[in-house]
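*Asks:* Once you've had a glance at the structure underneath, I'll fire off some questions.
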Amino acid sequence: MEDKTFELLEKMYYDINKKFDAVNEKFDEVNKKFDAVNKKFDAVNEKFDEVNKRFDTLEAKIDQKADKTDIVRLENEHGQKLDVLFDGYTQIYEKLKEHDKRFDEQDKRFERIEMNLVTLSQKVSSHDSKLEVLEELVFNPFPDSPSKA
């Protein structure tokens with residue numbers, strides 16, 4: 001009887017560990033995706049730095065000599081480039097929000113698994129105590145009767 005209980009506990013332990021491994025793999029995937037998003041943010045920041053440097057250079061040139069057509073042309077060209085950069089930033093931000101939402105869902109799922117584990121542990125403990133009572137009854141059915149010597 002104890003062997004079956006032990007085997008059942010072993011199987012439950014194995015199943016729970018397998019689920020935890022799956023959850024850990026999901027977290028690893030999420031971390032990889034966050035790393036990729038961070039790299040994209042770094043690239044966007046580098047582009048903004050480049051644009052700022054170019055603007056500084058252009059401002060210096062404009063301060064030296066500029067006519068209105070050059071200024072309008074430059075504003076249009078760079079305005080379009082900034083719009084594209086901002087669109088990229090917006091897309092990355094939206095993707096990051098999606099990942100945050102998925103991470104929160106995984107966190108909630110992990111909490112549910114933990115609660116189920118606690119419930120299972122309580123049930124196993126309860127069943128252990130009931131098994132002890134049953135074993136006592138099986139091996140000593142009449143505890144109050146006088147023993148035959």
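Ligands are numbered from 1 in the order shown, chains are lettered A, B, ... in the order of the structure tokens, and residues start at 1 in each chain.
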Residues of range 79-119 of chain A that have any atom at most 10 Å from an atom of range 48-64 of chain A: could you tabulate them with the shortest-distance atom pair and the distance in Å to one decimal, using only C-alpha atoms, ordered by chain and increasing number, as a Markdown table?
*Replies:*
| residue | atom | partner | partner_atom | distance |
| --- | --- | --- | --- | --- |
| A:Lys81 | CA | A:Val51 | CA | 9.0 |
| A:Leu82 | CA | A:Val51 | CA | 8.3 |
| A:Leu85 | CA | A:Phe48 | CA | 8.0 |
| A:Phe86 | CA | A:Phe48 | CA | 9.7 |
*Asks:* Near Phe110 in chain A, counting only C-alpha atoms, which residues have an atom at most 12 Å away, once you skip same-chain residues fewer than 5 positions from it, shown as a PyMOL selection string?
*Replies:* chain A and resi 16+19-24+26-27+103-105+115-117
*Asks:* Keeping C-alpha atoms for every residue in the selection just given, could you write it to a file as a CSV table (one decimal), in the first residue's frame?
*Replies:*
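In the end it all went to result_28.csv:
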chain,number,residue,atom,x,y,z
A,16,ILE,CA,4.8,18.9,-11.5
A,19,LYS,CA,5.2,21.6,-15.8
A,20,PHE,CA,7.7,23.8,-14.0
A,21,ASP,CA,10.3,23.0,-16.7
A,22,ALA,CA,7.7,24.1,-19.3
A,23,VAL,CA,7.0,27.3,-17.5
A,24,ASN,CA,10.8,28.0,-17.2
A,26,LYS,CA,8.4,30.0,-21.6
A,27,PHE,CA,10.1,32.5,-19.3
A,103,PHE,CA,4.4,37.9,-19.2
A,104,ASP,CA,1.6,38.9,-16.8
A,105,GLU,CA,-0.6,36.0,-18.1
A,115,MET,CA,-2.0,27.1,-5.6
A,116,ASN,CA,-2.7,23.7,-7.2
A,117,LEU,CA,0.5,22.4,-5.8
*Asks:* Between A:Gln106, A:Thr90, A:Asp83, A:Asp128, which one has atoms that come closest to Glu25 in chain A, using only C-alpha atoms?
*Replies:* A:Gln106
*Asks:* Have a look at A:His78, A:Ile113, A:Glu135, A:Asn45 and name the one nearest to Asn17 in chain A; count only C-alpha atoms.
*Replies:* A:Ile113
*Asks:* Could you tell me how far CA of Gly79 in chain A lies from CA of Gln91 in chain A, in Å and to one decimal?
*Replies:*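 Rounded to one decimal, the two atoms are 18.3 Å apart.
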*Asks:* Which one of A:Glu98, A:His127, A:Leu137, A:Tyr89 sits closest to Ala43 in chain A if you count only C-alpha atoms?
*Replies:*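 Using only C-alpha atoms, the shortest distance to Ala43 in chain A belongs to A:Tyr89.
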*Asks:* Please provide the set of residues having any atom within 12 Å of Tyr93 in chain A, restricted to only C-alpha atoms, with same-chain residues fewer than 4 positions apart removed, written as a list in words.
*Replies:* Phe34, Val37, Asn38, Lys40, Phe41, Val44, Phe86, Asp87, Gly88, Tyr89, Lys97, Glu98, His99 and Asp100 of chain A
*Asks:* Take the selection from the previous step and output its residues with N, CA and C atoms, as a short mmCIF file (atom, residue, chain, number, x, y, z; two decimals), in the first residue's frame.
*Replies:*
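Result written to result-v1.cif:
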data_model
loop_
_atom_site.label_atom_id
_atom_site.label_comp_id
_atom_site.auth_asym_id
_atom_site.auth_seq_id
_atom_site.Cartn_x
_atom_site.Cartn_y
_atom_site.Cartn_z
N PHE A 34 12.49 39.83 -24.98
CA PHE A 34 12.80 41.12 -24.38
C PHE A 34 14.19 41.58 -24.78
N VAL A 37 13.93 43.00 -28.20
CA VAL A 37 13.28 44.31 -28.16
C VAL A 37 14.27 45.36 -27.65
N ASN A 38 15.04 45.01 -26.64
CA ASN A 38 16.04 45.96 -26.12
C ASN A 38 17.06 46.31 -27.18
N LYS A 40 16.53 46.36 -30.36
CA LYS A 40 15.86 47.25 -31.30
C LYS A 40 15.78 48.67 -30.73
N PHE A 41 15.49 48.77 -29.44
CA PHE A 41 15.47 50.09 -28.82
C PHE A 41 16.84 50.74 -28.90
N VAL A 44 17.29 52.05 -32.33
CA VAL A 44 16.50 53.27 -32.53
C VAL A 44 17.19 54.45 -31.85
N PHE A 86 9.90 57.34 -35.75
CA PHE A 86 8.86 57.33 -34.72
C PHE A 86 7.91 56.16 -34.92
N ASP A 87 7.56 55.86 -36.17
CA ASP A 87 6.71 54.69 -36.43
C ASP A 87 7.38 53.41 -35.94
N GLY A 88 8.68 53.30 -36.20
CA GLY A 88 9.41 52.12 -35.71
C GLY A 88 9.40 52.06 -34.20
N TYR A 89 9.62 53.18 -33.57
CA TYR A 89 9.59 53.24 -32.10
C TYR A 89 8.21 52.82 -31.59
N LYS A 97 4.50 46.13 -25.10
CA LYS A 97 3.28 46.04 -24.31
C LYS A 97 2.66 44.65 -24.45
N GLU A 98 2.70 44.08 -25.65
CA GLU A 98 2.19 42.72 -25.86
C GLU A 98 2.98 41.73 -25.00
N HIS A 99 4.31 41.88 -25.00
CA HIS A 99 5.14 40.97 -24.22
C HIS A 99 4.86 41.13 -22.72
N ASP A 100 4.64 42.36 -22.28
CA ASP A 100 4.30 42.58 -20.88
C ASP A 100 3.00 41.86 -20.52
#
*Asks:* Could you jot down the CA of Ser129 in chain A to CA of Leu9 in chain A separation for me, Å, one decimal place?
*Replies:*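 Separation between CA of Ser129 in chain A and CA of Leu9 in chain A: 14.5 Å.
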